[in-house]
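Right, one structure below, let's go through it.
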Amino acid sequence: MRYPQTFIDDLKRQADIVRVVQDYVQLKKKGANWMACCPFHKEKTPSFSVSPAKEIFYCFGCHKGGSVFNFVMEMERVSFPEAIKLVAEKSGVPLPKLIDDSRFEAKRHEADEVIELNKWALEWWEQQLESSGEARVARDYLLQREITEETRKTFRLGYAPDSWDALSIHLRQKGASQEQIERSGLVVKKEEGGSYDRFRGRLIFPVLDIQRKPIAFGGRTLRNEDAKYINSPETAAYVKGRNLFGLHLTRDEIRRDGFAILVEGFLDLIVPYQFGIRNVVASLGTALTPEQAGLLGRFARKVVVNYDGDNAGVQAAKKAIEILLAEDIEVKILVLPDNSDPDEFIRKSGASEYGRQRGEAQPHIQFVIDQAVRNRKLSNPADKEAAIDEVLPYIRAVRSRIQKREYFDIAMDSLRIGDATLRRELWQSIRVGAADGSRVAQPVSMRMVKPTVAEQRLLELLLADAELRHGVLPKLEPGDYDDLATAPIFRALIDGEREGATINFDFLSQRTEGNPVSDLLLSLLMIEFDESEEGQFSARQLAAERCLDALRLMKVDRLISDLTSEIAAAERNGEVERRDQLSTEHLELARLRSALLPKAEAMQTGPS
Ligand SMILES: [Zn+2]
């Protein structure tokens, strides 16, 4: 059940945020804003402010902020719908009828049902593995894999008897209806009606979610069938690619270690776990998905990918690199000797040898380069070009500028690209990062974005003043902001201006959703300009233009510094013509710089 969105929007406009906050905190008017000592953290001088015009609050001390609803939620420790109710009551606005989300409710109910049936099935399969005569083949298999009883219990392994209906009968005895059994995915529906058990004569690996509920199963054959593994289909409780196998057991260890080892299959996780290596997760057959990377990123910012060394494994590892980099996760690649998988390797060579191998895992870029030059001759221009094309996307995806440059230099050296112009062109083509939309997932960075003083000031000015936006935004060129951390905000402003949208917190946070810069919005929006100083339009306009000049100056400075190192390289290699040509470019940039300098001088340009 929820309130209609139009009502929520109206209520936010009608509710006076100052009056609502006033109920809890003594506010004092200061300029266009109201200030107080923050109710959410201890302080002596007020840094908590409320803007009635922008309908937001923000604390410069503890960075809490948001709409009137966020304030009430935080203050009263209530849910969003409850906050709406409270704000409506305080504002004398009658509440509308709740929208009946019964479809959503039904879905949740169905998911609970599936999990209930999964629990019954799992308990029964565990019993079978423990004691049935038929399960001897499964127990022998585990024995041969050196999997102990303790490990079997920890991972709740089971055995599904070789029968078309033994599980179905068991579930019906427990009280499940035929419809429920069919919805659970534990059976396969027959075209002519009825169903038969999906898992037959197989060792069962349950997939437990982070609350340890069984949401799906994998079954391994014990008699050399074509399908070595079969898995649950998607159900109301299980969507493929959203979960990581083993995470419920390994997440604390992963958090403690600061990195995770990513493997493919069930046993690649279970065996290392038994041998004491417990910061492992498995992506489960399918290629790693952005959702899985996002989930993993909540526990570790570094990942060692340890997939099989065969061709399929290499392709899967490359895909995983791309997806992990998009989440701003540092990636290394571990390929074990003789292409063995973690399960085999650890049983053969032991955990400490595995640990040693892991310590020597390659940075992702080295792995990608090795793959790109394999079977190619770098002396052949076409081969070289193909290798460059293969490698560059993995550098472009790196989010830290310093790391990106380092990887770039390693790649250029390994691919024997000496030509300075080409190197510079290639660097220019990747320095900005992936173009909008081309990334698989929006990055979720844990780093705080630190804008430079000039970009921060420029954004504050632009956000505060619609007239200024009309004047300044058309003058901005993509090159002015493209490689700034706050580029998404600039883009949102320019789009908003073009679409004639109302520029406010809601609009901007929608347009920058999922990007770390959205955390900056409240502090940028909350700045007020007092009348004496920058209160007048002409003064603000001048200030904005100075900021823009400062940004352009910083960009020229970066170009000059790139060029300087290239000139030095040309000098070293005795490429006289090259050097002279670069020096001419250098001279032009220096001229541009001295034109920008006096205008930008008044503006401080360092990082804030
Ligand atoms: Zn605070």
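Each chain in the structure tokens gets a letter, A, B, ..., in the order shown, and its residues are numbered from 1; ligands are numbered from 1 in order too.
Every protein, DNA or RNA residue with an atom at most 8 Å from Leu522 of chain A, where only C-alpha atoms count and chain neighbours fewer than 5 positions away do not, is listed here: Ile56, Phe57, Tyr58, Gly65, Gly66 and Phe505 of chain A.
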TODO: Fewer than 4 positions away in the same chain doesn't count, so skip those; otherwise give me all residues within 9 Å of Gln292 of chain A, counting only C-alpha atoms, as an MDAnalysis selection string.
DONE: chainID A and resid 241:244 283 288 296:297
File dump, residues just selected, all heavy atoms, as an mmCIF file, in the first residue's frame:
data_model
loop_
_atom_site.group_PDB
_atom_site.id
_atom_site.type_symbol
_atom_site.label_atom_id
_atom_site.label_comp_id
_atom_site.auth_asym_id
_atom_site.auth_seq_id
_atom_site.Cartn_x
_atom_site.Cartn_y
_atom_site.Cartn_z
ATOM 1 N N GLY A 241 21.366 -14.007 -11.452
ATOM 2 C CA GLY A 241 22.309 -12.892 -11.545
ATOM 3 C C GLY A 241 22.168 -11.848 -10.458
ATOM 4 O O GLY A 241 22.762 -10.789 -10.524
ATOM 5 N N ARG A 242 21.354 -12.111 -9.446
ATOM 6 C CA ARG A 242 21.209 -11.131 -8.366
ATOM 7 C C ARG A 242 21.955 -11.560 -7.105
ATOM 8 O O ARG A 242 22.125 -10.768 -6.198
ATOM 9 C CB ARG A 242 19.729 -10.973 -7.994
ATOM 10 C CG ARG A 242 18.887 -10.347 -9.054
ATOM 11 C CD ARG A 242 18.454 -8.946 -8.635
ATOM 12 N NE ARG A 242 17.689 -8.315 -9.686
ATOM 13 C CZ ARG A 242 16.362 -8.251 -9.701
ATOM 14 N NH1 ARG A 242 15.676 -8.760 -8.704
ATOM 15 N NH2 ARG A 242 15.733 -7.669 -10.689
ATOM 16 N N ASN A 243 22.337 -12.848 -7.027
ATOM 17 C CA ASN A 243 22.926 -13.373 -5.799
ATOM 18 C C ASN A 243 24.321 -13.912 -6.047
ATOM 19 O O ASN A 243 24.671 -14.232 -7.172
ATOM 20 C CB ASN A 243 22.066 -14.500 -5.241
ATOM 21 C CG ASN A 243 20.677 -14.023 -4.888
ATOM 22 O OD1 ASN A 243 20.460 -13.501 -3.816
ATOM 23 N ND2 ASN A 243 19.749 -14.159 -5.818
ATOM 24 N N LEU A 244 25.091 -13.991 -4.989
ATOM 25 C CA LEU A 244 26.402 -14.615 -5.072
ATOM 26 C C LEU A 244 26.408 -15.816 -4.153
ATOM 27 O O LEU A 244 26.009 -15.712 -2.982
ATOM 28 C CB LEU A 244 27.480 -13.622 -4.635
ATOM 29 C CG LEU A 244 27.739 -12.473 -5.620
ATOM 30 C CD1 LEU A 244 28.427 -11.324 -4.916
ATOM 31 C CD2 LEU A 244 28.567 -12.957 -6.802
ATOM 32 N N SER A 283 30.214 -16.739 -8.640
ATOM 33 C CA SER A 283 29.230 -16.039 -9.480
ATOM 34 C C SER A 283 28.227 -17.002 -10.083
ATOM 35 O O SER A 283 27.248 -16.595 -10.671
ATOM 36 C CB SER A 283 29.935 -15.251 -10.583
ATOM 37 O OG SER A 283 30.783 -16.114 -11.320
ATOM 38 N N LEU A 288 29.346 -12.867 -14.579
ATOM 39 C CA LEU A 288 29.082 -11.905 -13.510
ATOM 40 C C LEU A 288 28.167 -10.797 -14.036
ATOM 41 O O LEU A 288 28.355 -10.297 -15.137
ATOM 42 C CB LEU A 288 30.408 -11.296 -13.044
ATOM 43 C CG LEU A 288 30.328 -10.407 -11.808
ATOM 44 C CD1 LEU A 288 30.196 -11.257 -10.556
ATOM 45 C CD2 LEU A 288 31.558 -9.519 -11.707
ATOM 46 N N LEU A 296 28.720 -7.302 -4.320
ATOM 47 C CA LEU A 296 30.071 -7.584 -3.840
ATOM 48 C C LEU A 296 30.762 -6.301 -3.387
ATOM 49 O O LEU A 296 31.464 -6.277 -2.373
ATOM 50 C CB LEU A 296 30.863 -8.253 -4.978
ATOM 51 C CG LEU A 296 32.231 -8.830 -4.674
ATOM 52 C CD1 LEU A 296 32.188 -9.708 -3.442
ATOM 53 C CD2 LEU A 296 32.730 -9.626 -5.873
ATOM 54 N N GLY A 297 30.534 -5.228 -4.134
ATOM 55 C CA GLY A 297 31.152 -3.939 -3.821
ATOM 56 C C GLY A 297 30.756 -3.391 -2.453
ATOM 57 O O GLY A 297 31.437 -2.548 -1.897
#
Pick out the residues no farther than 7 Å from ligand 1, counting only C-alpha atoms and all ligand atoms, and list them as a PDB file with C-alpha atoms, in the first residue's frame.
ATOM      1  CA  CYS A  38      21.797  20.411  14.224  1.00  0.00           C
ATOM      2  CA  PRO A  39      19.420  17.955  15.903  1.00  0.00           C
ATOM      3  CA  PHE A  40      21.332  15.026  14.401  1.00  0.00           C
ATOM      4  CA  HIS A  41      24.824  15.709  15.709  1.00  0.00           C
ATOM      5  CA  SER A  47      25.454  24.363  10.771  1.00  0.00           C
ATOM      6  CA  PHE A  48      21.965  23.022  10.184  1.00  0.00           C
ATOM      7  CA  CYS A  59      23.574  20.103   7.762  1.00  0.00           C
ATOM      8  CA  PHE A  60      27.048  21.269   6.808  1.00  0.00           C
ATOM      9  CA  GLY A  61      28.406  19.373   9.816  1.00  0.00           C
ATOM     10  CA  CYS A  62      27.054  15.859   9.480  1.00  0.00           C
ATOM     11  CA  HIS A  63      25.789  16.131   5.857  1.00  0.00           C
ATOM     12  CA  LYS A  64      22.317  14.911   6.637  1.00  0.00           C
TER      13      LYS A  64
END
Open item on the list: If you run DSSP on the backbone here, which positions in segment 171-344 of chain A get helix (DSSP H, G or I)? Please write them as an NGL selection string.
Closed with: :A and (171-174 or 178-183 or 247-257 or 266-274 or 290-297 or 311-326 or 337-339 or 342-344)
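Atom to atom, atom CA of Glu390 of chain A and atom CA of Gln371 of chain A stand 9.0 Å apart.
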TODO: Pick out the residues sitting within 8 Å of Pro206 of chain A, and hand them over as a PyMOL selection string; count only C-alpha atoms, and ignore anything fewer than 6 positions along from it in its own chain.
DONE: chain A and resi 122+155-157+214-218
Please produce a file of those selected residues containing N, CA, C and O atoms, as a tab-separated table (two decimals), in the first residue's frame.
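And here is the file that came out, out-v2.tsv:
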chain	number	residue	atom	x	y	z
A	122	LEU	N	14.67	-28.81	0.90
A	122	LEU	CA	16.07	-28.87	1.32
A	122	LEU	C	16.26	-29.75	2.55
A	122	LEU	O	17.17	-30.59	2.59
A	155	PHE	N	27.29	-26.14	4.35
A	155	PHE	CA	26.71	-25.70	3.08
A	155	PHE	C	25.35	-26.32	2.79
A	155	PHE	O	24.77	-26.09	1.76
A	156	ARG	N	24.89	-27.13	3.74
A	156	ARG	CA	23.58	-27.77	3.66
A	156	ARG	C	23.39	-28.54	2.35
A	156	ARG	O	22.38	-28.39	1.65
A	157	LEU	N	24.39	-29.36	2.01
A	157	LEU	CA	24.29	-30.16	0.79
A	157	LEU	C	23.22	-31.25	0.97
A	157	LEU	O	22.93	-31.65	2.10
A	214	PRO	N	16.77	-20.56	1.56
A	214	PRO	CA	17.06	-21.23	0.29
A	214	PRO	C	16.21	-20.64	-0.83
A	214	PRO	O	14.98	-20.74	-0.79
A	215	ILE	N	16.85	-20.01	-1.83
A	215	ILE	CA	16.08	-19.39	-2.89
A	215	ILE	C	16.16	-20.18	-4.20
A	215	ILE	O	15.33	-20.01	-5.07
A	216	ALA	N	17.18	-21.02	-4.32
A	216	ALA	CA	17.32	-21.82	-5.55
A	216	ALA	C	18.27	-22.97	-5.28
A	216	ALA	O	18.91	-23.03	-4.22
A	217	PHE	N	18.38	-23.87	-6.27
A	217	PHE	CA	19.25	-25.02	-6.11
A	217	PHE	C	20.03	-25.31	-7.38
A	217	PHE	O	19.58	-25.00	-8.48
A	218	GLY	N	21.23	-25.90	-7.17
A	218	GLY	CA	21.95	-26.48	-8.28
A	218	GLY	C	22.09	-27.97	-8.00
A	218	GLY	O	22.23	-28.37	-6.85
Env of Leu336 of chain A: 9 Å cut, atoms = only C-alpha atoms, seq-sep filter 5 positions within chain, self excluded. Answer as an mmCIF file with N, CA and C atoms, in the first residue's frame.
data_model
loop_
_atom_site.group_PDB
_atom_site.id
_atom_site.type_symbol
_atom_site.label_atom_id
_atom_site.label_comp_id
_atom_site.auth_asym_id
_atom_site.auth_seq_id
_atom_site.Cartn_x
_atom_site.Cartn_y
_atom_site.Cartn_z
ATOM 1 N N ASN A 306 39.290 -15.520 -9.949
ATOM 2 C CA ASN A 306 39.970 -16.803 -10.116
ATOM 3 C C ASN A 306 39.061 -17.772 -10.866
ATOM 4 N N TYR A 307 38.943 -17.533 -12.180
ATOM 5 C CA TYR A 307 38.125 -18.398 -13.019
ATOM 6 C C TYR A 307 39.006 -19.477 -13.640
ATOM 7 N N ASP A 308 38.377 -20.415 -14.342
ATOM 8 C CA ASP A 308 39.128 -21.454 -15.046
ATOM 9 C C ASP A 308 40.039 -20.832 -16.099
ATOM 10 N N GLY A 309 41.136 -21.530 -16.399
ATOM 11 C CA GLY A 309 42.080 -21.003 -17.367
ATOM 12 C C GLY A 309 41.742 -21.339 -18.814
ATOM 13 N N ASP A 341 41.331 -25.575 -11.603
ATOM 14 C CA ASP A 341 40.386 -24.720 -10.886
ATOM 15 C C ASP A 341 40.735 -24.749 -9.397
ATOM 16 N N PRO A 342 40.207 -23.783 -8.619
ATOM 17 C CA PRO A 342 40.605 -23.650 -7.215
ATOM 18 C C PRO A 342 40.390 -24.945 -6.431
ATOM 19 N N PHE A 345 43.136 -27.447 -7.376
ATOM 20 C CA PHE A 345 44.447 -26.945 -7.001
ATOM 21 C C PHE A 345 44.671 -27.044 -5.493
ATOM 22 N N TYR A 354 48.133 -22.104 -2.480
ATOM 23 C CA TYR A 354 47.104 -21.304 -3.140
ATOM 24 C C TYR A 354 47.262 -19.826 -2.757
ATOM 25 N N GLN A 357 50.094 -18.281 -4.672
ATOM 26 C CA GLN A 357 49.667 -17.988 -6.044
ATOM 27 C C GLN A 357 48.794 -16.729 -6.087
ATOM 28 N N ARG A 358 47.896 -16.657 -5.133
ATOM 29 C CA ARG A 358 46.980 -15.519 -5.095
ATOM 30 C C ARG A 358 47.734 -14.215 -4.908
#
